[in-house]
$ cat query_7.txt   # compact mmCIF, C-alpha atoms and all ligand atoms
# COMPACT_ATOMS: atom_id res chain seq x y z
CA MET F 8 4.60 -3.98 11.10
CA ALA F 9 5.61 -2.96 7.64
CA LEU F 10 2.93 -2.04 5.16
CA SER F 11 2.49 -5.00 2.82
CA ILE F 12 1.75 -4.71 -0.89
CA GLY F 13 0.93 -7.51 -3.30
CA ILE F 14 1.93 -6.99 -6.94
CA ILE F 15 -0.46 -8.49 -9.46
CA GLY F 16 -0.80 -8.31 -13.23
CA LEU F 17 -1.09 -10.31 -16.41
CA PRO F 18 1.89 -12.46 -17.41
CA MET F 19 4.72 -10.38 -18.90
CA SER F 20 3.11 -7.11 -17.86
CA GLY F 21 6.26 -6.10 -15.97
CA ARG F 22 5.37 -7.24 -12.45
CA THR F 23 8.87 -8.35 -11.58
CA THR F 24 10.38 -5.27 -13.20
CA VAL F 25 8.11 -2.99 -11.14
CA PHE F 26 8.92 -5.08 -8.09
CA GLU F 27 12.61 -4.40 -8.65
CA ALA F 28 11.95 -0.69 -9.14
CA ALA F 29 9.59 -0.43 -6.20
CA ALA F 30 11.82 -2.37 -3.87
CA GLY F 31 14.60 0.11 -4.62
CA GLY F 32 17.02 -1.75 -6.82
CA LEU F 33 16.53 -5.03 -5.11
CA LYS F 34 17.37 -7.65 -7.69
CA ALA F 35 14.73 -10.32 -7.89
CA ALA F 36 16.56 -13.35 -6.57
CA ALA F 37 15.32 -15.53 -9.39
CA PRO F 38 14.05 -13.31 -12.18
CA LYS F 39 12.56 -16.23 -14.01
CA PRO F 40 8.97 -16.26 -15.18
CA GLU F 41 6.31 -17.11 -12.63
CA ALA F 42 8.75 -16.94 -9.72
CA VAL F 43 7.64 -15.52 -6.37
CA HIS F 44 9.63 -12.56 -5.08
CA VAL F 45 9.47 -10.92 -1.70
CA GLY F 46 11.34 -7.71 -0.91
CA ILE F 47 11.46 -5.01 1.71
CA ALA F 48 11.87 -1.37 0.66
CA LYS F 49 12.82 1.48 2.92
CA VAL F 50 10.36 4.34 2.66
CA PRO F 51 12.44 7.29 1.49
CA ASP F 52 11.89 10.36 3.67
CA GLU F 53 14.15 13.42 3.55
CA ARG F 54 12.95 14.40 6.99
CA ILE F 55 14.51 11.28 8.44
CA ASP F 56 17.77 12.10 6.65
CA ARG F 57 17.80 15.62 8.12
CA LEU F 58 16.87 14.44 11.62
CA SER F 59 19.61 11.86 11.43
CA GLU F 60 22.15 14.58 10.55
CA MET F 61 20.90 16.62 13.48
CA PHE F 62 20.82 13.93 16.20
CA LYS F 63 23.63 11.71 14.90
CA PRO F 64 21.97 8.62 16.34
CA GLN F 65 23.58 5.19 16.49
CA LYS F 66 20.79 3.90 14.31
CA THR F 67 18.48 5.40 11.70
CA THR F 68 15.34 3.45 10.92
CA TYR F 69 13.11 4.22 7.98
CA ALA F 70 9.57 2.93 7.67
CA GLU F 71 9.40 -0.21 5.55
CA VAL F 72 7.15 -1.63 2.88
CA LYS F 73 7.04 -5.30 2.07
CA TYR F 74 6.39 -6.24 -1.55
CA LEU F 75 5.19 -9.59 -2.76
CA ASP F 76 5.36 -10.47 -6.47
CA LEU F 77 3.43 -13.70 -6.74
CA GLY F 78 4.49 -14.34 -10.31
CA ALA F 79 1.11 -15.78 -11.21
CA SER F 80 -2.23 -14.46 -12.33
CA VAL F 81 -4.81 -14.07 -9.59
CA LYS F 82 -7.08 -16.41 -11.48
CA ASN F 83 -4.45 -19.14 -11.28
CA ILE F 84 -3.77 -19.03 -7.58
CA SER F 85 -5.52 -20.77 -4.72
CA GLY F 86 -4.71 -22.17 -1.30
CA GLU F 87 -1.61 -20.78 0.38
CA ALA F 88 -0.71 -18.33 -2.41
CA LEU F 89 -4.20 -16.85 -2.36
CA ARG F 90 -4.14 -16.58 1.43
CA GLU F 91 -0.80 -14.82 1.22
CA LEU F 92 -2.12 -12.31 -1.29
CA SER F 93 -5.30 -11.81 0.74
CA ALA F 94 -3.24 -10.88 3.77
CA MET F 95 -1.71 -7.87 1.98
CA ASP F 96 -2.78 -4.35 2.98
CA GLU F 97 -2.95 -3.17 -0.61
CA LEU F 98 -2.61 -4.39 -4.18
CA VAL F 99 -0.51 -2.94 -6.98
CA SER F 100 -1.79 -3.95 -10.38
CA VAL F 101 0.83 -3.66 -13.11
CA VAL F 102 -0.65 -3.07 -16.54
CA ARG F 103 1.42 -3.15 -19.68
CA ALA F 104 1.38 -0.07 -21.90
CA PHE F 105 4.91 -0.37 -23.33
CA LYS F 106 5.32 -1.55 -26.89
CA ASP F 107 8.06 -4.05 -27.57
CA ASP F 108 7.80 -6.75 -30.22
CA ALA F 109 10.39 -8.79 -28.36
CA VAL F 110 8.05 -9.15 -25.38
CA PRO F 111 4.98 -11.27 -26.13
CA HIS F 112 1.59 -10.21 -24.73
CA PRO F 113 -0.85 -12.95 -23.68
CA GLN F 114 -3.59 -11.14 -25.64
CA GLU F 115 -1.30 -10.48 -28.64
CA THR F 116 -1.92 -6.72 -28.60
CA VAL F 117 -1.08 -3.95 -26.14
CA ASP F 118 -4.23 -2.36 -24.72
CA ALA F 119 -3.85 -1.01 -21.21
CA GLU F 120 -7.54 -0.19 -20.76
CA ARG F 121 -8.59 -3.69 -21.66
CA ASP F 122 -6.03 -5.11 -19.25
CA ILE F 123 -7.08 -2.82 -16.39
CA GLU F 124 -10.61 -4.19 -16.79
CA ALA F 125 -9.26 -7.74 -17.05
CA MET F 126 -7.37 -7.32 -13.77
CA ASN F 127 -10.48 -5.99 -12.07
CA LEU F 128 -12.36 -9.04 -13.28
CA GLU F 129 -9.70 -11.36 -11.89
CA LEU F 130 -10.25 -9.79 -8.47
CA THR F 131 -14.03 -9.92 -8.61
CA PHE F 132 -13.97 -13.54 -9.86
CA SER F 133 -11.70 -14.56 -7.04
CA ASP F 134 -14.10 -13.02 -4.51
CA LEU F 135 -17.14 -14.53 -6.22
CA ALA F 136 -15.63 -18.00 -5.96
CA ILE F 137 -15.00 -17.51 -2.24
CA ILE F 138 -18.53 -16.24 -1.66
CA GLU F 139 -20.11 -19.08 -3.61
CA ARG F 140 -18.17 -21.66 -1.64
CA ARG F 141 -19.16 -20.01 1.62
CA LEU F 142 -22.83 -19.82 0.61
CA GLY F 143 -22.75 -23.54 -0.10
CA LYS F 144 -21.37 -24.20 3.36
CA ILE F 145 -23.97 -21.94 4.95
CA GLU F 146 -26.70 -23.87 3.23
CA GLN F 147 -25.31 -27.08 4.73
CA SER F 148 -24.85 -25.69 8.22
CA MET F 149 -28.39 -24.27 8.27
CA LYS F 150 -29.79 -27.78 8.29
CA ALA F 151 -28.06 -28.69 11.52
CA ALA F 152 -28.10 -25.22 13.12
CA LYS F 153 -29.73 -24.60 16.45
CA ALA F 154 -32.64 -22.16 16.36
CA THR F 155 -30.64 -19.64 18.38
CA ASP F 156 -27.78 -19.66 15.84
CA ARG F 157 -30.02 -19.19 12.84
CA PRO F 158 -30.45 -15.40 12.85
CA LYS F 159 -26.67 -14.87 12.70
CA ILE F 160 -26.19 -17.37 9.91
CA LEU F 161 -29.09 -15.88 7.99
CA ALA F 162 -27.64 -12.39 8.36
CA GLU F 163 -24.32 -13.57 6.93
CA GLN F 164 -26.09 -15.33 4.09
CA GLU F 165 -28.07 -12.22 3.26
CA LEU F 166 -24.96 -10.03 3.26
CA LEU F 167 -23.01 -12.47 1.08
CA LEU F 168 -25.89 -12.65 -1.39
CA ARG F 169 -25.88 -8.87 -1.60
CA LEU F 170 -22.13 -8.81 -2.26
CA LYS F 171 -22.50 -11.57 -4.83
CA ALA F 172 -25.10 -9.53 -6.72
CA GLU F 173 -22.71 -6.53 -6.80
CA LEU F 174 -19.77 -8.65 -7.97
CA GLU F 175 -21.94 -10.11 -10.73
CA LYS F 176 -22.44 -6.55 -11.96
CA ASP F 177 -18.61 -6.18 -12.02
CA ILE F 178 -18.69 -3.87 -9.01
CA PRO F 179 -15.63 -4.41 -6.82
CA LEU F 180 -16.33 -4.76 -3.12
CA ARG F 181 -14.36 -1.64 -2.30
CA ASP F 182 -17.19 0.31 -3.95
CA VAL F 183 -19.94 -1.33 -1.89
CA GLU F 184 -21.18 0.70 1.07
CA LEU F 185 -21.09 -1.36 4.26
CA SER F 186 -22.05 -0.55 7.80
CA ALA F 187 -19.36 -0.83 10.46
CA GLU F 188 -21.05 -3.99 11.67
CA GLU F 189 -21.06 -5.52 8.19
CA GLU F 190 -17.38 -4.62 7.72
CA LYS F 191 -16.63 -6.39 10.94
CA SER F 192 -18.53 -9.52 10.03
CA LEU F 193 -16.56 -9.68 6.76
CA SER F 194 -13.13 -8.98 8.19
CA GLY F 195 -12.18 -12.66 8.17
CA TYR F 196 -12.59 -12.88 4.39
CA GLN F 197 -9.98 -10.36 3.18
CA PHE F 198 -11.68 -10.00 -0.21
CA LEU F 199 -9.26 -8.98 -2.96
CA SER F 200 -11.66 -6.60 -4.73
CA ALA F 201 -12.18 -4.79 -1.41
CA LYS F 202 -8.50 -3.91 -1.06
CA PRO F 203 -7.12 -0.50 -1.93
CA LEU F 204 -5.73 -0.74 -5.44
CA LEU F 205 -2.87 1.13 -7.06
CA THR F 206 -2.75 0.60 -10.80
CA VAL F 207 0.72 1.10 -12.27
CA VAL F 208 0.56 1.75 -15.99
CA ASN F 209 3.89 0.45 -17.21
CA ILE F 210 4.79 2.77 -20.07
CA GLY F 211 7.70 2.55 -22.49
CA GLU F 212 10.66 4.89 -22.36
CA GLU F 213 9.44 6.64 -25.51
CA ASP F 214 6.18 7.54 -23.71
CA LEU F 215 7.94 9.29 -20.82
CA PRO F 216 7.41 12.82 -22.22
CA SER F 217 3.64 12.22 -22.11
CA ALA F 218 3.63 10.31 -18.80
CA ALA F 219 1.71 13.05 -16.97
CA ARG F 220 -0.97 13.21 -19.65
CA ILE F 221 -1.33 9.41 -19.75
CA GLU F 222 -1.63 9.36 -15.97
CA ASP F 223 -4.31 12.07 -15.99
CA GLU F 224 -6.37 10.45 -18.69
CA PHE F 225 -6.29 7.00 -17.14
CA SER F 226 -6.91 8.40 -13.67
CA LYS F 227 -10.14 10.02 -14.85
CA ARG F 228 -11.50 6.58 -15.62
CA PHE F 229 -9.70 4.28 -13.27
CA ALA F 230 -9.04 6.21 -10.06
CA GLY F 231 -11.50 6.87 -7.29
CA ARG F 232 -12.38 5.67 -3.86
CA LYS F 233 -9.54 3.45 -2.58
CA ARG F 234 -8.16 3.48 -6.10
CA LYS F 235 -5.24 5.37 -7.57
CA LEU F 236 -3.25 5.20 -10.74
CA ILE F 237 0.28 6.18 -11.67
CA ALA F 238 2.22 5.82 -14.91
CA LEU F 239 5.88 4.91 -14.84
CA CYS F 240 8.44 3.17 -16.96
CA GLY F 241 9.21 0.04 -14.99
CA LYS F 242 12.23 -0.96 -17.02
CA LEU F 243 13.94 2.42 -16.71
CA GLU F 244 13.05 2.70 -13.02
CA ALA F 245 14.45 -0.74 -12.31
CA GLU F 246 17.67 0.20 -14.10
CA LEU F 247 17.97 3.52 -12.25
CA ALA F 248 17.22 1.87 -8.93
CA GLY F 249 20.20 -0.43 -9.49
CA MET F 250 22.64 2.48 -10.11
CA ASP F 251 24.56 4.56 -7.64
CA GLU F 252 22.64 7.62 -6.52
CA ALA F 253 24.68 10.26 -8.33
CA SER F 254 24.42 8.71 -11.80
CA ALA F 255 20.77 7.82 -11.27
CA ALA F 256 20.04 11.45 -10.34
CA GLU F 257 21.75 12.62 -13.53
CA PHE F 258 19.71 10.28 -15.72
CA ARG F 259 16.58 11.23 -13.85
CA ALA F 260 17.21 14.92 -14.58
CA ASP F 261 17.73 14.11 -18.29
CA TYR F 262 14.40 12.32 -18.39
CA GLY F 263 12.68 15.07 -16.41
CA LEU F 264 11.79 12.66 -13.60
CA LYS F 265 11.51 14.45 -10.28
CA GLU F 266 11.19 11.41 -8.04
CA THR F 267 12.23 7.77 -8.05
CA GLY F 268 9.68 5.15 -9.05
CA LEU F 269 10.04 3.80 -5.55
CA ALA F 270 9.16 7.16 -3.97
CA ARG F 271 6.16 7.65 -6.27
CA THR F 272 4.82 4.17 -5.72
CA ILE F 273 5.15 4.49 -1.97
CA ARG F 274 3.68 7.99 -1.84
CA ALA F 275 0.63 6.80 -3.78
CA SER F 276 0.39 3.71 -1.56
CA TYR F 277 0.50 5.78 1.62
CA ALA F 278 -2.14 8.16 0.29
CA LEU F 279 -4.39 5.22 -0.66
CA LEU F 280 -4.30 3.88 2.87
CA ASP F 281 -4.42 7.31 4.47
CA LEU F 282 -1.08 6.74 6.18
CA ILE F 283 1.06 9.45 7.74
CA SER F 284 4.46 9.40 9.44
CA PHE F 285 5.60 10.57 12.83
CA PHE F 286 9.12 10.41 14.18
CA THR F 287 10.99 9.55 17.35
CA VAL F 288 14.47 11.02 17.81
CA GLY F 289 17.37 10.65 20.21
CA PRO F 290 21.01 9.61 20.47
CA ASP F 291 20.11 5.92 20.13
CA GLU F 292 17.75 6.03 17.21
CA VAL F 293 15.99 8.31 14.77
CA ARG F 294 12.98 6.48 13.47
CA ALA F 295 9.90 6.87 11.29
CA TRP F 296 6.57 5.31 12.26
CA SER F 297 3.56 4.93 9.98
CA ILE F 298 0.07 5.40 11.34
CA THR F 299 -3.40 5.99 9.95
CA ALA F 300 -4.31 9.68 9.74
CA GLY F 301 -6.50 10.76 12.63
CA MET F 302 -4.92 8.45 15.20
CA ASN F 303 -4.59 9.88 18.70
CA ALA F 304 -1.34 10.14 20.65
CA GLN F 305 -2.08 7.19 22.90
CA ALA F 306 -2.84 4.83 20.01
CA ALA F 307 0.21 6.12 18.12
CA ALA F 308 2.35 5.32 21.17
CA GLY F 309 1.03 1.77 20.95
CA LYS F 310 2.75 1.44 17.57
CA ILE F 311 6.05 1.66 19.43
CA HIS F 312 5.13 -0.56 22.35
CA SER F 313 1.93 -1.71 24.02
CA ASP F 314 3.42 -0.71 27.43
CA ILE F 315 3.77 2.88 26.28
CA GLU F 316 0.14 2.89 25.17
CA ARG F 317 -1.08 1.31 28.39
CA GLY F 318 0.97 3.53 30.70
CA PHE F 319 0.63 6.68 28.56
CA ILE F 320 0.95 9.90 30.55
CA ARG F 321 1.79 12.62 28.04
CA ALA F 322 3.54 13.24 24.76
CA GLU F 323 6.13 15.92 24.12
CA VAL F 324 5.53 17.00 20.56
CA VAL F 325 7.27 19.31 18.14
CA HIS F 326 6.50 19.43 14.44
CA TYR F 327 9.41 18.68 12.10
CA ASP F 328 8.99 22.06 10.34
CA ASP F 329 9.11 23.91 13.67
CA LEU F 330 12.25 22.06 14.73
CA MET F 331 13.93 22.89 11.42
CA ARG F 332 12.90 26.52 11.74
CA THR F 333 14.14 26.91 15.32
CA GLY F 334 17.23 24.70 14.87
CA THR F 335 17.40 22.79 18.15
CA MET F 336 15.08 21.20 20.69
CA ALA F 337 16.09 23.84 23.25
CA GLU F 338 15.23 26.67 20.85
CA ALA F 339 11.98 24.94 19.94
CA LYS F 340 11.08 24.86 23.62
CA LYS F 341 11.92 28.53 24.07
CA ALA F 342 9.76 29.39 21.08
CA GLY F 343 6.88 27.43 22.59
CA VAL F 344 6.58 24.99 19.70
CA LEU F 345 7.74 22.01 21.77
CA ARG F 346 4.63 21.30 23.78
CA LEU F 347 2.92 18.72 25.95
CA GLU F 348 -0.07 16.88 24.56
CA GLY F 349 -2.51 14.42 26.12
CA LYS F 350 -3.99 11.08 25.08
CA THR F 351 -6.56 12.51 22.70
CA TYR F 352 -4.18 14.72 20.71
CA THR F 353 -4.40 13.87 17.01
CA VAL F 354 -0.91 13.08 15.73
CA LYS F 355 0.02 15.03 12.57
CA ASP F 356 2.20 13.99 9.67
CA GLY F 357 5.72 15.18 10.54
CA ASP F 358 5.26 15.31 14.31
CA ILE F 359 8.29 14.40 16.39
CA ALA F 360 7.03 12.78 19.57
CA HIS F 361 8.51 11.69 22.86
CA PHE F 362 6.13 9.67 25.02
CA LEU F 363 6.14 9.80 28.80
CA PHE F 364 4.68 6.68 30.33
CA ASN F 365 4.44 4.70 33.50
CA VAL F 366 4.08 0.93 33.81
N1 LIG F 401 10.55 -2.28 -23.57
C1 LIG F 401 10.14 -2.47 -22.33
N2 LIG F 401 10.20 -3.69 -21.81
C2 LIG F 401 9.78 -3.87 -20.54
C3 LIG F 401 9.29 -2.81 -19.75
N3 LIG F 401 8.94 -3.31 -18.54
C4 LIG F 401 9.22 -4.64 -18.59
N4 LIG F 401 9.73 -4.97 -19.80
C5 LIG F 401 10.17 -6.29 -20.27
O1 LIG F 401 9.07 -7.16 -20.30
C6 LIG F 401 9.45 -8.47 -19.97
C7 LIG F 401 8.56 -8.97 -18.86
O2 LIG F 401 8.82 -8.22 -17.69
P1 LIG F 401 8.71 -8.85 -16.25
O3 LIG F 401 8.97 -7.77 -15.28
O4 LIG F 401 9.49 -10.09 -16.15
O5 LIG F 401 7.16 -9.19 -16.28
P2 LIG F 401 6.35 -10.16 -15.33
O6 LIG F 401 4.96 -9.62 -15.31
O7 LIG F 401 7.04 -10.33 -14.05
O8 LIG F 401 6.40 -11.47 -16.20
P3 LIG F 401 6.20 -13.00 -15.74
O9 LIG F 401 6.43 -13.07 -14.26
O10 LIG F 401 7.21 -13.71 -16.54
O11 LIG F 401 4.81 -13.32 -16.15
C8 LIG F 401 10.91 -8.41 -19.59
O12 LIG F 401 11.67 -8.80 -20.69
C9 LIG F 401 11.12 -6.94 -19.30
O13 LIG F 401 12.45 -6.53 -19.54
C10 LIG F 401 9.25 -1.51 -20.32
O14 LIG F 401 8.85 -0.52 -19.69
N5 LIG F 401 9.68 -1.40 -21.61
MG MG F 402 7.62 -12.06 -12.99

$ encode --input "query_7.txt" --output "structure tokens" --more "lines below"
Ligand SMILES: Nc1nc2c(ncn2[C@@H]2O[C@H](COP(=O)(O)OP(=O)(O)OP(=O)(O)O)[C@@H](O)[C@H]2O)c(=O)[nH]1
Ligand SMILES: [Mg+2]
Amino acid sequence: MALSIGIIGLPMSGRTTVFEAAAGGLKAAAPKPEAVHVGIAKVPDERIDRLSEMFKPQKTTYAEVKYLDLGASVKNISGEALRELSAMDELVSVVRAFKDDAVPHPQETVDAERDIEAMNLELTFSDLAIIERRLGKIEQSMKAAKATDRPKILAEQELLLRLKAELEKDIPLRDVELSAEEEKSLSGYQFLSAKPLLTVVNIGEEDLPSAARIEDEFSKRFAGRKRKLIALCGKLEAELAGMDEASAAEFRADYGLKETGLARTIRASYALLDLISFFTVGPDEVRAWSITAGMNAQAAAGKIHSDIERGFIRAEVVHYDDLMRTGTMAEAKKAGVLRLEGKTYTVKDGDIAHFLFNV
């Protein structure tokens, strides 16, 4: 399953432009205002490119990220659109910092800090509305509840009241400490303010020389637990993403940009969710897999197929760096860096794994 990211922001903040940049030059099918766009981006990874050169497989498969640009403010969505957004793994909040008199701002002036706060409020309001509705229903169901069901309903009510009090203080749910049990009891809600949030400050081209400083300053205030911030010029990135690689690289060098907007957005998104990549290689396919850091070999095998997880015997593992250093699998084996690992081995970012299993 591809990582899924919902793009939110105020009208005309550059959501669709960032979508086009982040989805790697994908042209929004209908770049009209308020339109919904869905796109899949391949996660760029040089290691996959090198492994593909080495193994010359029939197929090379990058990890994928799915982007959803809802084209509407969070405060204006409900029903299916809200459910769709709530199902995302992470949110990207696009905040306008570029100045352009030709592009109207719903608040008349450009003020990125104000808009970051406004976006946070949209998320907390959305969650508050859900909680209030649910509390109303709980109240109703209490009347008819059997005595044996009451403690569970009361526990949920108490937890929701606690969350409501935090939201009313403008504290997003991602900042509220919850026990594992509480997390579990809330998992059906998919609260928006609980989701990891990447704020993209959409700066103008003229601000590019100070992008790093802008990013640092904003990060001091608006980054933290499950929260990151990057600054990029959406318009330029979308244009570059639509060019052929050679000319884009030239422009990038002129602007002093080391990475594509796509690569930066994805790197930040992976870091937010604590995701790492491992690889499988062979003549059929070279492929990247995304897993949560800390996952053991057996669970990682389950990403490929549940049979491999169930019938897991061992994993043959070599780290990408060791393979590059030794040159071939045979040399890696001779050097002792291709090794056998058991179920409980913690898979590392850059591991190349071959799973032995029995069903
Ligand atoms: N000058 C400048 N214009 C930008 C930049 N990013 C986006 N724009 C322009 O701002 C306008 C709005 O951008 P969109 O990407 O359509 O914004 P949106 O948030 O999707 O807007 P709606 O979906 O219509 O609410 C477009 O005309 C863009 O070309 C930027 O970095 N600099
Ligand atoms: Mg749009």

$ residues_near_ligand --input "query_7.txt" --ligand "ligand LIG 401 (chain F)" --cutoff "10 Å" --atoms "only C-alpha atoms and all ligand atoms" --output "NGL selection string"
:F and (14-28 or 35 or 38-44 or 76-80 or 101-113 or 208-215 or 239-245)

$ residues_near_point --input "query_7.txt" --point "(-5.4, -11.5, -0.1)" --cutoff "9 Å" --atoms "all atoms listed in the file" --output "list in words"
Gly13, Ala88, Leu89, Arg90, Glu91, Leu92, Ser93, Ala94, Met95, Asp96, Glu97, Leu98, Tyr196, Gln197, Phe198, Leu199 and Lys202 of chain F

$ residues_around --input "query_7.txt" --residues "segment 325-333 of chain F" --least-positions-apart "6" --cutoff "10 Å" --atoms "only C-alpha atoms" --output "number ranges by chain"
F: 54-55, 57-58, 61, 285-286, 339-347, 354-361

$ closest_residue --input "query_7.txt" --among "F:Lys144, F:Arg157, F:Lys233, F:Lys63" --to "Val183 of chain F" --atoms "all atoms listed in the file"
F:Lys233

$ closest_residue --input "query_7.txt" --among "F:Ala48, F:Ile221, F:Leu75, F:Ala70" --to "ligand MG 402 (chain F)" --atoms "all atoms listed in the file"
F:Leu75

$ residues_around --input "query_7.txt" --residues "Val99 of chain F" --least-positions-apart "5" --cutoff "6 Å" --atoms "all atoms listed in the file" --output "ChimeraX atom specification"
/F:14,204-206

$ closest_residue --input "query_7.txt" --among "F:Ile12, F:Ile237, F:Ala253, F:Val293" --to "Gly268 of chain F" --atoms "only C-alpha atoms"
F:Ile237

$ atom_distance --input "query_7.txt" --atom1 "atom CA of Ile138 of chain F" --atom2 "atom CA of Ala278 of chain F"
29.5 Å

$ atom_distance --input "query_7.txt" --atom1 "atom CA of Asp177 of chain F" --atom2 "atom CA of Thr131 of chain F"
6.8 Å

$ atom_distance --input "query_7.txt" --atom1 "atom CA of Lys66 of chain F" --atom2 "atom CA of Trp296 of chain F"
14.4 Å

$ closest_residue --input "query_7.txt" --among "F:Glu146, F:Tyr74, F:Thr267, F:Asp314" --to "Glu165 of chain F" --atoms "only C-alpha atoms"
F:Glu146

$ closest_residue --input "query_7.txt" --among "F:Ser313, F:Pro216, F:Glu120, F:Val45" --to "ligand MG 402 (chain F)" --atoms "all atoms listed in the file"
F:Val45

$ residues_around --input "query_7.txt" --residues "Leu180 of chain F" --least-positions-apart "2" --cutoff "8 Å" --atoms "all atoms listed in the file" --output "PDB file with C-alpha atoms, keeping the file's coordinate frame"
ATOM      1  CA  THR F 131     -14.030  -9.920  -8.610  1.00  0.00           C
ATOM      2  CA  LEU F 170     -22.130  -8.810  -2.260  1.00  0.00           C
ATOM      3  CA  GLU F 173     -22.710  -6.530  -6.800  1.00  0.00           C
ATOM      4  CA  LEU F 174     -19.770  -8.650  -7.970  1.00  0.00           C
ATOM      5  CA  ILE F 178     -18.690  -3.870  -9.010  1.00  0.00           C
ATOM      6  CA  ASP F 182     -17.190   0.310  -3.950  1.00  0.00           C
ATOM      7  CA  VAL F 183     -19.940  -1.330  -1.890  1.00  0.00           C
ATOM      8  CA  PHE F 198     -11.680 -10.000  -0.210  1.00  0.00           C
ATOM      9  CA  SER F 200     -11.660  -6.600  -4.730  1.00  0.00           C
ATOM     10  CA  ALA F 201     -12.180  -4.790  -1.410  1.00  0.00           C
TER      11      ALA F 201
END

$ closest_residue --input "query_7.txt" --among "F:Ala9, F:Ala154, F:Ile298, F:Leu236" --to "Leu282 of chain F" --atoms "all atoms listed in the file"
F:Ile298

$ residues_around --input "query_7.txt" --residues "Glu266 of chain F" --least-positions-apart "4" --cutoff "12 Å" --atoms "all atoms listed in the file" --output "list of chain:residue names"
F:Pro51, F:Asp52, F:Leu239, F:Glu244, F:Leu247, F:Ala248, F:Ala255, F:Ala256, F:Glu257, F:Phe258, F:Arg259, F:Ala260, F:Tyr262, F:Ala270, F:Arg271, F:Thr272, F:Ile273, F:Arg274

$ residues_around --input "query_7.txt" --residues "Pro290 of chain F" --least-positions-apart "2" --cutoff "8 Å" --atoms "only C-alpha atoms" --output "PDB file with C-alpha atoms, in the coordinates of the input"
ATOM      1  CA  PHE F  62      20.820  13.930  16.200  1.00  0.00           C
ATOM      2  CA  LYS F  63      23.630  11.710  14.900  1.00  0.00           C
ATOM      3  CA  PRO F  64      21.970   8.620  16.340  1.00  0.00           C
ATOM      4  CA  GLN F  65      23.580   5.190  16.490  1.00  0.00           C
ATOM      5  CA  VAL F 288      14.470  11.020  17.810  1.00  0.00           C
ATOM      6  CA  GLU F 292      17.750   6.030  17.210  1.00  0.00           C
ATOM      7  CA  VAL F 293      15.990   8.310  14.770  1.00  0.00           C
TER       8      VAL F 293
END

$ decode --input "query_7.txt" --residues "segment 197-223 of chain F" --atoms "C-alpha atoms" --output "PDB file, in the first residue's frame"
ATOM      1  CA  GLN F 197      -9.054   9.149  12.260  1.00  0.00           C
ATOM      2  CA  PHE F 198      -8.967  12.661  13.730  1.00  0.00           C
ATOM      3  CA  LEU F 199      -7.380  15.195  11.381  1.00  0.00           C
ATOM      4  CA  SER F 200      -5.498  17.119  14.081  1.00  0.00           C
ATOM      5  CA  ALA F 201      -3.941  13.836  15.230  1.00  0.00           C
ATOM      6  CA  LYS F 202      -2.320  13.172  11.859  1.00  0.00           C
ATOM      7  CA  PRO F 203       1.327  13.885  11.160  1.00  0.00           C
ATOM      8  CA  LEU F 204       1.487  17.283   9.492  1.00  0.00           C
ATOM      9  CA  LEU F 205       3.961  18.636   6.976  1.00  0.00           C
ATOM     10  CA  THR F 206       3.574  22.367   6.457  1.00  0.00           C
ATOM     11  CA  VAL F 207       4.830  23.540   3.064  1.00  0.00           C
ATOM     12  CA  VAL F 208       5.547  27.252   3.079  1.00  0.00           C
ATOM     13  CA  ASN F 209       5.001  28.212  -0.534  1.00  0.00           C
ATOM     14  CA  ILE F 210       7.539  30.968  -1.142  1.00  0.00           C
ATOM     15  CA  GLY F 211       8.011  33.143  -4.210  1.00  0.00           C
ATOM     16  CA  GLU F 212      10.913  32.741  -6.586  1.00  0.00           C
ATOM     17  CA  GLU F 213      12.458  35.963  -5.271  1.00  0.00           C
ATOM     18  CA  ASP F 214      12.604  34.421  -1.773  1.00  0.00           C
ATOM     19  CA  LEU F 215      14.603  31.376  -2.898  1.00  0.00           C
ATOM     20  CA  PRO F 216      17.976  32.775  -1.740  1.00  0.00           C
ATOM     21  CA  SER F 217      16.603  32.973   1.813  1.00  0.00           C
ATOM     22  CA  ALA F 218      14.636  29.700   1.679  1.00  0.00           C
ATOM     23  CA  ALA F 219      16.855  27.999   4.261  1.00  0.00           C
ATOM     24  CA  ARG F 220      16.526  30.888   6.706  1.00  0.00           C
ATOM     25  CA  ILE F 221      12.747  31.060   6.243  1.00  0.00           C
ATOM     26  CA  GLU F 222      12.522  27.312   6.813  1.00  0.00           C
ATOM     27  CA  ASP F 223      14.615  27.522   9.999  1.00  0.00           C
TER      28      ASP F 223
END
